[in-house]
Amino acid sequence: MNLRVAIADDSALLRRGLAALLQSEGLEVVGEASDGSELVEMIDSQGADVAVVDIRMPPTFTIEGIQAAETIRSRHPETGVLLLSQYVETENAMALLGNGAKGLGYLLKERVSDIDEFIDALHRVAAGGTAIDPQLVTRLVSRPHEGHQLGDDLSSREKSVLELMAEGRTNQAIGKALFLGERTVEAHIRSIFLKLELRPEPEDHRRVLAVLTYLRGTGRAPDRE
Amino acid sequence: MTPKQLVLVLAVTAGMVAVVVACIDWSPVALQDPARTLGLNAQGVLRWGEHPERLPFSVFELTLFLGVGLSFILAGIAAWRSQPTRNPGLLLVLAGWLWLASGIRRSSDPVAFTIGITLTLMYQPPLLQLALSFPSGVLRTRAEKGAVTFFFVSWLVAAAAGWAFFDPRQHIAVGESTSRNLLLLWDSPPLMHATGNAIRIFQISVGAAIVAFLFARWLAGTKAYRSSILPLWLAVIIKTAATIWVSLAVIEVSGRLSSEALLWQYPATAIVPLAVLFGLWRYRFARGALGELMVEIGAAPVSDRLIGALRRSVHDPTLALLRWSGDKGQFVDDSGTPRNLPDSSSGRASMVLERHGTPVGALVFDEALQDQPQLLAAVRSATSLALENQQMEQQLREQLIEVRRSRERIVTAGDSRRRQLERDLHDGAQQRLVAVSMELVRARRTADPQESRKLLEQASDDLAVALDELRELARGVYPPSLRERGLEGSLTALAERSPLPLELKVTMLHRPPPPVELAAYFICAEAVTNAVKYARASHARIGIDGNGTELRLEIADNGIGGAQTGPDGGLLGLADRAAALGGTLSVESPKGRGTAVRAVLPFQTDPESDVP
């Protein structure tokens, strides 16, 4: 399947580079936009499987990307949005995923250099999955804390699984990354959810949100979405 | 009054009392001798000699006599100890001594007798001097000093003249006199009466003149003066009444009554020092409000209470305090209405209060107050202090506000600088490096070697640009050559990079301290940036002149001028930077005639300097 990608970034250099890269990888670039509204117009008129959006764009250069993502999500739920940024911030991630993690991604810009991973993330988001930057997940998992948290009981293997899970990987992808069988991964995930006192979530994107909310919070299970 | 002075006064007094007591001839003839009657002049002695029932001198009278002298001396000591000036007390003590010394006329020794009769009224000139100089005891004009000298001399001359033609031994009608008058030229009762009457007229005239003088002063005087001199008036009236009564008694009244009448002169005289003391005390009491004023001043700001205290202290309810308005260039009252100082014909006087030669305020008061320079001086210094206090407080507050503002500006400028830096990094080098990484990915993935080579070249170009940008940014954070090559080196580098022809002239004897170098560099860089960005200049010139203590900079361009140190302009930030070093920065930018930024940066920053 040829993924149809829309690109939005105020830097022409980056836009062109990304477009060239994606095209050379065999993806179809629907068009390039230099800000959020241009992007929304473009998707309104041409549609796209996934939009790669710079989080910081004109006019205020703050979180225009997140706003554009929300607009696209409400108007074109079938279009995934992958936000790129020079920094990944927990607050931005939570703002982005606030209304569900379906078809959303949030990655550091430099992730494009690992092109296979990047394209995998694009496919995942386009398919309604989630892609959260590993840096953000690592930061949340290894955040120093006072006292005992439920997460402290996780084994190192479980922690690795948790990190990949929080990134939005499927069980299959987790297994592949850790050289584990899918059944083993499922067992680990069950154990993690048990230890964290979280309700098991069948869908990957729901699972991501639950885990992220858990990680971001004080170790309590999130309310049901 | 020092303890030594006190002991001296008391010792002299004791000595005089002892001499007087020792001199008294207690023989019945001497006790009956009218010539030795204390306080009488020649005429009085003649009259008194005619009285058949006059009482002999007694211990009681001696006690009264000594009591009067001691009352003068004790009142003098009290005044001396409590007054800021010793003069009133000294005059009272002198009067007391002269009074006591006249007691030796009860001696049978001709010399002692003669001295005694001469000194009989000599206690009066010191009192006249005191009256003239009341309450300070200080003679102010030459006329006053001349008058006082005249009193002493004329009283002495009068005493001598009064006795020059009277030999008491030959003219006592009842009883006898054994007193030998050494002042006698020749005995002539008519001549004696003539001189006696002349002296009396003279002394009464002098007395009347002084009364008139004091009355005039009383009319013009302040409440404090009036209240202090009032007891003196009463004393003078009583004393005068007693004198008249004694004269009448000697001349007219007969029998025992006249003897008693003669004794009344003692309490009447003793009232005088007490009245002086009371008057001085009242004056001090009135001035005492000044102490209150000082307390008031401790509690700045200048309030109604201060004005109240000022008014009370000088007993002038019309006293007003005007303030100097630098803006209006004239004095203003509390409501800010301009006021002119009164002229001499208005009955009001004024006193301008100055600080470092510039007026800070003015006191307007009753003209009469000018008679009291001491009080006015006290009021002046007190009020000046209060105004100075207030002004200093005001200045301090203004400085504090400016420091707070500048601190806020420095922080804000730092923040916006950081924000700008982040933006520059984000949009520049970071972006470019991401692009490079994408090019590298593409180069790695492409099958076409030519394509790959092209992409690698592109990536390497982009890397070079990113490095350039990073270098520029780093230079903006801190000029690297400043540490290595000093200010001149950095400015040379600045001139080389500048898109504007930049003429550099640096004269420095010593290398300035690092903060000064950095500030100087940033001031130059900002001024040049402004010249490039806004001034449309085609040429700029940097002049640096440094001696051992400070650095002077001037950055001038030939642009359009009209630059302003606006609230968010870089120039204001530079002014703050200069101020933080204790220096100054000024911008001269007339429209159409270029911009000149000048700064002076001292090497030594003393945060405590320039603090009032």
# chains A, B, ... in the order shown; residues from 1 in each chain; ligands from 1
call {"tool": "select_by_dssp", "arguments": {"residues": "stretch 408-590 of chain B", "states": "alpha helix (DSSP H)", "output": "number ranges by chain"}}
result
B: 408-425, 431-445, 449-477, 480-497, 514-533, 570-580
call {"tool": "write_last_selection", "arguments": {"atoms": "C-alpha atoms", "output": "mmCIF file, in the first residue's frame"}}
result
data_model
loop_
_atom_site.group_PDB
_atom_site.id
_atom_site.type_symbol
_atom_site.label_atom_id
_atom_site.label_comp_id
_atom_site.auth_asym_id
_atom_site.auth_seq_id
_atom_site.Cartn_x
_atom_site.Cartn_y
_atom_site.Cartn_z
ATOM 1 C CA GLU B 408 13.353 44.309 35.949
ATOM 2 C CA ARG B 409 14.600 45.540 32.571
ATOM 3 C CA ILE B 410 17.844 43.628 32.951
ATOM 4 C CA VAL B 411 15.953 40.448 33.759
ATOM 5 C CA THR B 412 13.481 41.010 30.941
ATOM 6 C CA ALA B 413 16.294 41.743 28.520
ATOM 7 C CA GLY B 414 18.060 38.574 29.612
ATOM 8 C CA ASP B 415 14.865 36.577 29.151
ATOM 9 C CA SER B 416 14.148 37.921 25.706
ATOM 10 C CA ARG B 417 17.772 37.317 24.775
ATOM 11 C CA ARG B 418 17.417 33.672 25.835
ATOM 12 C CA ARG B 419 14.150 33.349 23.947
ATOM 13 C CA GLN B 420 15.764 34.784 20.857
ATOM 14 C CA LEU B 421 18.691 32.435 21.244
ATOM 15 C CA GLU B 422 16.384 29.420 21.521
ATOM 16 C CA ARG B 423 14.498 30.574 18.438
ATOM 17 C CA ASP B 424 17.712 31.049 16.524
ATOM 18 C CA LEU B 425 18.940 27.604 17.500
ATOM 19 C CA GLN B 431 16.606 22.509 11.688
ATOM 20 C CA ARG B 432 19.601 22.326 9.420
ATOM 21 C CA LEU B 433 21.103 19.383 11.264
ATOM 22 C CA VAL B 434 17.816 17.485 10.941
ATOM 23 C CA ALA B 435 17.871 18.256 7.247
ATOM 24 C CA VAL B 436 21.456 16.986 7.066
ATOM 25 C CA SER B 437 20.439 13.781 8.790
ATOM 26 C CA MET B 438 17.671 13.317 6.218
ATOM 27 C CA GLU B 439 20.096 13.887 3.384
ATOM 28 C CA LEU B 440 22.436 11.357 4.891
ATOM 29 C CA VAL B 441 19.604 8.844 5.173
ATOM 30 C CA ARG B 442 18.726 9.403 1.564
ATOM 31 C CA ALA B 443 22.360 9.106 0.522
ATOM 32 C CA ARG B 444 22.637 5.860 2.413
ATOM 33 C CA ARG B 445 19.473 4.442 0.932
ATOM 34 C CA PRO B 449 26.018 6.473 -6.599
ATOM 35 C CA GLN B 450 25.787 9.836 -8.306
ATOM 36 C CA GLU B 451 22.680 10.698 -6.403
ATOM 37 C CA SER B 452 24.361 9.557 -3.223
ATOM 38 C CA ARG B 453 27.384 11.750 -3.889
ATOM 39 C CA LYS B 454 25.192 14.735 -4.604
ATOM 40 C CA LEU B 455 23.312 14.204 -1.363
ATOM 41 C CA LEU B 456 26.531 13.871 0.619
ATOM 42 C CA GLU B 457 27.827 17.131 -0.832
ATOM 43 C CA GLN B 458 24.564 18.780 0.011
ATOM 44 C CA ALA B 459 24.734 17.432 3.549
ATOM 45 C CA SER B 460 28.275 18.681 3.967
ATOM 46 C CA ASP B 461 27.296 22.142 2.720
ATOM 47 C CA ASP B 462 24.372 22.243 5.079
ATOM 48 C CA LEU B 463 26.638 21.189 7.945
ATOM 49 C CA ALA B 464 29.021 24.034 7.156
ATOM 50 C CA VAL B 465 26.148 26.502 7.240
ATOM 51 C CA ALA B 466 24.900 25.035 10.518
ATOM 52 C CA LEU B 467 28.375 25.422 11.994
ATOM 53 C CA ASP B 468 28.527 29.024 10.838
ATOM 54 C CA GLU B 469 25.231 29.737 12.456
ATOM 55 C CA LEU B 470 26.289 28.116 15.693
ATOM 56 C CA ARG B 471 29.470 30.133 15.694
ATOM 57 C CA GLU B 472 27.585 33.369 15.216
ATOM 58 C CA LEU B 473 25.207 32.480 17.988
ATOM 59 C CA ALA B 474 28.036 31.612 20.341
ATOM 60 C CA ARG B 475 29.723 34.884 19.511
ATOM 61 C CA GLY B 476 26.533 36.703 20.418
ATOM 62 C CA VAL B 477 26.473 34.957 23.784
ATOM 63 C CA PRO B 480 35.382 34.633 22.194
ATOM 64 C CA SER B 481 38.151 36.985 21.158
ATOM 65 C CA LEU B 482 37.413 39.268 24.077
ATOM 66 C CA ARG B 483 39.127 37.015 26.562
ATOM 67 C CA GLU B 484 42.039 36.215 24.297
ATOM 68 C CA ARG B 485 42.669 39.446 22.492
ATOM 69 C CA GLY B 486 40.988 42.018 24.664
ATOM 70 C CA LEU B 487 38.562 44.736 23.723
ATOM 71 C CA GLU B 488 40.541 46.043 20.795
ATOM 72 C CA GLY B 489 40.835 42.590 19.253
ATOM 73 C CA SER B 490 37.128 41.930 19.624
ATOM 74 C CA LEU B 491 36.238 45.276 18.153
ATOM 75 C CA THR B 492 38.574 44.620 15.234
ATOM 76 C CA ALA B 493 36.734 41.345 14.683
ATOM 77 C CA LEU B 494 33.450 43.217 14.958
ATOM 78 C CA ALA B 495 34.649 45.710 12.361
ATOM 79 C CA GLU B 496 35.729 42.901 10.043
ATOM 80 C CA ARG B 497 32.346 41.207 10.203
ATOM 81 C CA PRO B 514 36.470 41.989 32.267
ATOM 82 C CA PRO B 515 32.977 43.352 33.117
ATOM 83 C CA VAL B 516 33.937 46.725 31.673
ATOM 84 C CA GLU B 517 35.373 45.119 28.541
ATOM 85 C CA LEU B 518 32.254 43.049 28.053
ATOM 86 C CA ALA B 519 29.942 46.009 28.590
ATOM 87 C CA ALA B 520 32.031 48.134 26.242
ATOM 88 C CA TYR B 521 31.943 45.407 23.591
ATOM 89 C CA PHE B 522 28.185 44.958 23.824
ATOM 90 C CA ILE B 523 27.569 48.688 23.744
ATOM 91 C CA CYS B 524 29.682 48.964 20.583
ATOM 92 C CA ALA B 525 28.116 45.874 19.009
ATOM 93 C CA GLU B 526 24.575 47.035 19.767
ATOM 94 C CA ALA B 527 25.268 50.540 18.520
ATOM 95 C CA VAL B 528 26.745 49.151 15.304
ATOM 96 C CA THR B 529 23.811 46.752 14.894
ATOM 97 C CA ASN B 530 21.434 49.681 15.299
ATOM 98 C CA ALA B 531 23.415 51.711 12.810
ATOM 99 C CA VAL B 532 23.158 48.865 10.313
ATOM 100 C CA LYS B 533 19.544 47.958 11.013
ATOM 101 C CA GLY B 570 18.515 47.530 23.176
ATOM 102 C CA LEU B 571 19.900 50.936 24.070
ATOM 103 C CA LEU B 572 18.032 51.035 27.363
ATOM 104 C CA GLY B 573 19.417 47.628 28.207
ATOM 105 C CA LEU B 574 22.877 48.998 27.513
ATOM 106 C CA ALA B 575 22.193 52.003 29.707
ATOM 107 C CA ASP B 576 21.232 49.596 32.479
ATOM 108 C CA ARG B 577 24.404 47.627 31.880
ATOM 109 C CA ALA B 578 26.441 50.816 32.133
ATOM 110 C CA ALA B 579 24.537 51.875 35.259
ATOM 111 C CA ALA B 580 25.150 48.496 36.857
#
call {"tool": "closest_atom_pairs", "arguments": {"of": "chain A", "to": "chain B", "cutoff": "9 Å", "atoms": "only C-alpha atoms", "output": "tab-separated table"}}
result
residue	atom	partner	partner_atom	distance
A:Ser11	CA	B:Asp427	CA	7.6
A:Leu13	CA	B:Ala435	CA	6.8
A:Leu14	CA	B:Ala435	CA	5.5
A:Arg15	CA	B:Ala435	CA	8.8
A:Arg16	CA	B:Ala435	CA	8.8
A:Gly17	CA	B:Ala435	CA	5.9
A:Leu18	CA	B:Met438	CA	6.8
A:Ala20	CA	B:Arg442	CA	8.1
A:Leu21	CA	B:Arg442	CA	5.8
A:Ser24	CA	B:Arg442	CA	7.2
A:Glu25	CA	B:Arg445	CA	8.3
A:Gln86	CA	B:His426	CA	7.3
A:Lys109	CA	B:Val434	CA	6.8
A:Glu110	CA	B:Val434	CA	5.7
A:Val112	CA	B:Met438	CA	6.6
A:Ser113	CA	B:Ser437	CA	5.6
A:Asp114	CA	B:Val441	CA	7.7
A:Ile115	CA	B:Val441	CA	7.1
